[in-house]
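Okay, so here's the structure we're looking at.
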Amino acid sequence: MGLKNDDKGALKMADERLIAALDFHDMDEVRALVNKLGDSVSSYKVGMELYYSVGRESVTWLKEKGKKVFLDLKLHDIPNTVGSGLCSLMDLGADMLNVHAEGGYTMMKTAADRLHKAAEDANVPCPKLIAVTVLTSISEDEWAELGFSEKVQIKDIVVHLARLAQKAGLDGVVASPQEAAMIREACGKDFLIVTPGVRPAGSSLDDQSRIATPASALRAGATHLVIGRPIRAAENPVKAAQDIIKEMEQVK
Ligand code: C5P
């Protein structure tokens, strides 16, 4: 693709397992980063900040550039509302959407069924649907504050919700890298495990605490890594992405 890296020859092509988080609130910043990263990154995450500021263009622009998009809006409402909401997002062409598993089995099943039906009716590939189990920001103290007994551990609920998501027909979950191995064991080899909280060795932790390196997250069973600031805030984002891809290649 004509990519050149001065000291090491041709640049590595994108690894679809790497999803760069576009935590911006305007399209100029999005265009600048995506154009700079070029062929080094093929998958992006659009979250609440970007989608609520810019709207549908944030996804359609990326799709026009041939990128894969994980639209991370974490829907959580009654089953009919979530099902209808997902159907309203269908025509954007996002490759992955998500809901909160805490919305319950019926909500997740309705979401999956409605999405599959909408894709079938539109004759387009169905986006992958994944579930957030327990937010990684929830600490033990907050867990207790929510009313859960000390005997009910967060990790057990994470695995329980992952199993429930799978039973409801979802394709996978968002989870901490530290939960990936347990989920892989519980849900088998084809279940998607998308992990934020990934930091290359030696990089800043920012506000993440339960972290893993790219290779260790993949070894634990992650299928996709969502990485934001280590790429976005790097002095040289292309080099940062390339270093991550090289590390990821150790684990195929
Ligand atoms: O910059 P950083 O690599 O920490 O970005 C991680 C991305 O993953 C952010 O977009 C953040 O919102 C998201 N995320 C997370 N932890 C979760 C779920 C999503 O950090 N549990």
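In the structure tokens, each chain is lettered A, B, ... as it comes, each chain's residues begin at 1, and ligands are numbered from 1 in order of appearance.
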
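The neighbours of segment 47-61 of chain A here are the residues that come within 8 Å of it, using only C-alpha atoms and leaving out any residue fewer than 5 positions away in the same chain; they are Ala21, Leu22, Asp23, Phe24, His25, Asp26, Met27, Val69, Leu71, Asp72, Leu73, Leu92, Gly93 and Ala94 of chain A.
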
Discussion item. Taking only C-alpha atoms and all ligand atoms into account, list the residues no farther than 9 Å from ligand 1, as a PyMOL selection string.
Written reply: chain A and resi 20-23+45-49+72+132-138+174-176+195-199+205-208+225-233

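Take the candidates A:Ala144, A:Tyr105, A:Ala131, A:Met182 and check each one against Asp156 of chain A using only C-alpha atoms; the shortest distance goes to A:Met182.
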
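Going from atom CA of Leu170 of chain A over to atom CA of Ile130 of chain A, you cover 5.7 Å.
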
Discussion item. I want to know what sits within 9 Å of Cys187 of chain A, based on only C-alpha atoms, with residues of the same chain fewer than 2 positions away left out; could you give that as a VMD selection string?
Written reply: chain A and resid 159 162 to 163 166 172 182 to 185 189 to 191

Fill in: DSSP alpha helix (DSSP H) residues within segment 25-177 of chain A, listed as a ChimeraX atom specification
/A:27-37,48-54,57-64,79-89,105-122,140-145,154-167,177

Next, write the just-selected residues to a file, as a short mmCIF file (atom, residue, chain, number, x, y, z; two decimals), in the first residue's frame, keeping C-alpha atoms as the atom set.
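Ended up saving to again.cif:
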data_model
loop_
_atom_site.label_atom_id
_atom_site.label_comp_id
_atom_site.auth_asym_id
_atom_site.auth_seq_id
_atom_site.Cartn_x
_atom_site.Cartn_y
_atom_site.Cartn_z
CA MET A 27 -15.24 15.69 13.13
CA ASP A 28 -12.12 17.76 12.43
CA GLU A 29 -10.24 15.89 15.12
CA VAL A 30 -11.65 12.58 13.89
CA ARG A 31 -10.62 13.24 10.29
CA ALA A 32 -7.15 14.39 11.33
CA LEU A 33 -6.42 11.26 13.38
CA VAL A 34 -8.01 8.74 11.00
CA ASN A 35 -6.24 10.25 7.99
CA LYS A 36 -2.94 10.29 9.88
CA LEU A 37 -3.31 6.63 10.92
CA MET A 48 -21.21 8.59 23.39
CA GLU A 49 -19.00 11.69 23.28
CA LEU A 50 -18.59 11.65 19.51
CA TYR A 51 -22.03 10.30 18.61
CA TYR A 52 -23.89 12.74 20.85
CA SER A 53 -21.88 15.70 19.48
CA VAL A 54 -21.68 14.87 15.81
CA GLU A 57 -21.94 11.45 10.27
CA SER A 58 -19.37 10.10 12.74
CA VAL A 59 -20.23 6.56 11.63
CA THR A 60 -21.09 7.12 7.96
CA TRP A 61 -17.81 9.02 7.34
CA LEU A 62 -15.79 6.12 8.75
CA LYS A 63 -17.77 3.59 6.71
CA GLU A 64 -17.15 5.63 3.54
CA PRO A 79 -36.91 -4.51 25.68
CA ASN A 80 -39.12 -2.83 23.06
CA THR A 81 -37.28 0.51 23.32
CA VAL A 82 -33.84 -1.08 23.02
CA GLY A 83 -34.97 -3.26 20.11
CA SER A 84 -36.41 -0.25 18.28
CA GLY A 85 -33.37 1.87 19.09
CA LEU A 86 -31.02 -0.71 17.59
CA CYS A 87 -33.17 -0.96 14.47
CA SER A 88 -32.89 2.83 14.08
CA LEU A 89 -29.10 2.45 14.02
CA TYR A 105 -32.40 -11.65 29.41
CA THR A 106 -35.63 -10.54 27.73
CA MET A 107 -34.15 -7.19 26.78
CA MET A 108 -31.05 -8.83 25.30
CA LYS A 109 -33.06 -11.49 23.46
CA THR A 110 -35.47 -8.89 22.04
CA ALA A 111 -32.48 -6.76 20.98
CA ALA A 112 -30.79 -9.68 19.20
CA ASP A 113 -34.00 -10.92 17.56
CA ARG A 114 -35.05 -7.47 16.34
CA LEU A 115 -31.58 -6.71 15.00
CA HIS A 116 -31.36 -10.03 13.12
CA LYS A 117 -34.82 -9.51 11.64
CA ALA A 118 -34.00 -5.92 10.57
CA ALA A 119 -30.78 -7.08 8.89
CA GLU A 120 -32.60 -9.90 7.14
CA ASP A 121 -35.34 -7.54 5.91
CA ALA A 122 -32.77 -5.03 4.66
CA GLU A 140 -15.97 -3.11 45.48
CA ASP A 141 -17.22 -0.13 47.52
CA GLU A 142 -19.60 0.99 44.79
CA TRP A 143 -20.75 -2.59 44.40
CA ALA A 144 -21.73 -2.69 48.08
CA GLU A 145 -23.34 0.76 47.74
CA ILE A 154 -18.27 -8.84 40.83
CA LYS A 155 -16.35 -11.43 38.78
CA ASP A 156 -19.03 -14.05 39.38
CA ILE A 157 -21.74 -11.66 38.17
CA VAL A 158 -19.60 -10.79 35.12
CA VAL A 159 -19.40 -14.46 34.12
CA HIS A 160 -23.07 -15.01 34.91
CA LEU A 161 -24.09 -12.04 32.71
CA ALA A 162 -21.77 -13.20 29.91
CA ARG A 163 -23.49 -16.61 29.94
CA LEU A 164 -26.90 -14.91 29.95
CA ALA A 165 -25.90 -12.73 26.99
CA GLN A 166 -24.79 -15.80 25.08
CA LYS A 167 -28.06 -17.61 25.88
CA PRO A 177 -8.86 -8.00 30.26
#

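Of the residues listed (A:Ala217, A:Ile244, A:Ala234, A:Ala222), A:Ile244 shows the shortest atom-to-atom separation from Pro200 of chain A; distances use only C-alpha atoms.
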
Worksheet item: Leaving out Lys12 of chain A and any residue of its chain fewer than 2 positions from it, which residues lie within 8 Å of it when counting only C-alpha atoms, given as a PyMOL selection string?
Response: chain A and resi 10+14+40+242+245-246

Discussion item. What's around His224 of chain A at 6 Å? Count only C-alpha atoms, leave out sequence neighbours fewer than 4 positions away in its own chain, and write the answer as a VMD selection string.
Written reply: chain A and resid 17 to 18 194

The selected residues should be written to file as a PDB file, in the first residue's frame (atoms: all heavy atoms).
ATOM      1  N   ARG A  17      -8.213  -6.679  15.001  1.00  0.00           N
ATOM      2  CA  ARG A  17      -8.490  -6.867  16.428  1.00  0.00           C
ATOM      3  C   ARG A  17      -8.209  -5.597  17.225  1.00  0.00           C
ATOM      4  O   ARG A  17      -8.619  -5.488  18.370  1.00  0.00           O
ATOM      5  CB  ARG A  17      -7.633  -8.017  16.986  1.00  0.00           C
ATOM      6  CG  ARG A  17      -7.943  -9.364  16.340  1.00  0.00           C
ATOM      7  CD  ARG A  17      -6.972 -10.428  16.803  1.00  0.00           C
ATOM      8  NE  ARG A  17      -5.591 -10.116  16.447  1.00  0.00           N
ATOM      9  CZ  ARG A  17      -4.533 -10.811  16.845  1.00  0.00           C
ATOM     10  NH1 ARG A  17      -4.695 -11.862  17.627  1.00  0.00           N
ATOM     11  NH2 ARG A  17      -3.314 -10.468  16.470  1.00  0.00           N
ATOM     12  N   LEU A  18      -7.503  -4.655  16.609  1.00  0.00           N
ATOM     13  CA  LEU A  18      -7.240  -3.369  17.283  1.00  0.00           C
ATOM     14  C   LEU A  18      -8.340  -2.370  16.906  1.00  0.00           C
ATOM     15  O   LEU A  18      -8.534  -2.061  15.729  1.00  0.00           O
ATOM     16  CB  LEU A  18      -5.871  -2.822  16.852  1.00  0.00           C
ATOM     17  CG  LEU A  18      -5.583  -1.364  17.262  1.00  0.00           C
ATOM     18  CD1 LEU A  18      -5.544  -1.217  18.788  1.00  0.00           C
ATOM     19  CD2 LEU A  18      -4.249  -0.898  16.665  1.00  0.00           C
ATOM     20  N   VAL A 194     -14.408  -8.141  23.987  1.00  0.00           N
ATOM     21  CA  VAL A 194     -13.845  -6.851  23.589  1.00  0.00           C
ATOM     22  C   VAL A 194     -13.339  -6.172  24.859  1.00  0.00           C
ATOM     23  O   VAL A 194     -14.126  -5.939  25.787  1.00  0.00           O
ATOM     24  CB  VAL A 194     -14.933  -5.991  22.902  1.00  0.00           C
ATOM     25  CG1 VAL A 194     -14.387  -4.621  22.517  1.00  0.00           C
ATOM     26  CG2 VAL A 194     -15.488  -6.718  21.669  1.00  0.00           C
TER      27      VAL A 194
END

DSSP on the backbone: what in segment 97-169 of chain A comes out strand (DSSP E or B), as a PDB file with N, CA and C atoms, in the first residue's frame?
ATOM      1  N   LEU A  97     -22.527  -3.309  17.711  1.00  0.00           N
ATOM      2  CA  LEU A  97     -23.354  -2.447  18.564  1.00  0.00           C
ATOM      3  C   LEU A  97     -23.383  -3.091  19.950  1.00  0.00           C
ATOM      4  N   ASN A  98     -23.833  -2.330  20.950  1.00  0.00           N
ATOM      5  CA  ASN A  98     -23.892  -2.960  22.272  1.00  0.00           C
ATOM      6  C   ASN A  98     -25.052  -2.483  23.143  1.00  0.00           C
ATOM      7  N   VAL A  99     -25.339  -3.311  24.137  1.00  0.00           N
ATOM      8  CA  VAL A  99     -26.397  -3.029  25.129  1.00  0.00           C
ATOM      9  C   VAL A  99     -25.816  -3.376  26.503  1.00  0.00           C
ATOM     10  N   HIS A 100     -26.526  -2.994  27.565  1.00  0.00           N
ATOM     11  CA  HIS A 100     -26.115  -3.402  28.913  1.00  0.00           C
ATOM     12  C   HIS A 100     -26.760  -4.737  29.262  1.00  0.00           C
ATOM     13  N   LYS A 128     -22.590  -7.254  14.728  1.00  0.00           N
ATOM     14  CA  LYS A 128     -22.387  -8.062  15.931  1.00  0.00           C
ATOM     15  C   LYS A 128     -23.020  -7.292  17.087  1.00  0.00           C
ATOM     16  N   LEU A 129     -23.665  -8.035  17.983  1.00  0.00           N
ATOM     17  CA  LEU A 129     -24.268  -7.394  19.149  1.00  0.00           C
ATOM     18  C   LEU A 129     -23.595  -7.938  20.399  1.00  0.00           C
ATOM     19  N   ILE A 130     -23.033  -7.039  21.199  1.00  0.00           N
ATOM     20  CA  ILE A 130     -22.339  -7.476  22.408  1.00  0.00           C
ATOM     21  C   ILE A 130     -22.925  -6.760  23.626  1.00  0.00           C
ATOM     22  N   ALA A 131     -22.604  -7.284  24.813  1.00  0.00           N
ATOM     23  CA  ALA A 131     -23.190  -6.733  26.045  1.00  0.00           C
ATOM     24  C   ALA A 131     -22.106  -6.264  27.001  1.00  0.00           C
ATOM     25  N   VAL A 132     -22.359  -5.134  27.648  1.00  0.00           N
ATOM     26  CA  VAL A 132     -21.513  -4.694  28.759  1.00  0.00           C
ATOM     27  C   VAL A 132     -21.997  -5.476  29.977  1.00  0.00           C
TER      28      VAL A 132
END

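For the pair atom CA of Pro127 of chain A and atom CA of Ile211 of chain A, the interatomic distance is 27.5 Å.
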
Response to the item:
Separating atom CA of Pro237 of chain A from atom CA of Val41 of chain A, to the nearest tenth of an Å, is a gap of 10.3 Å
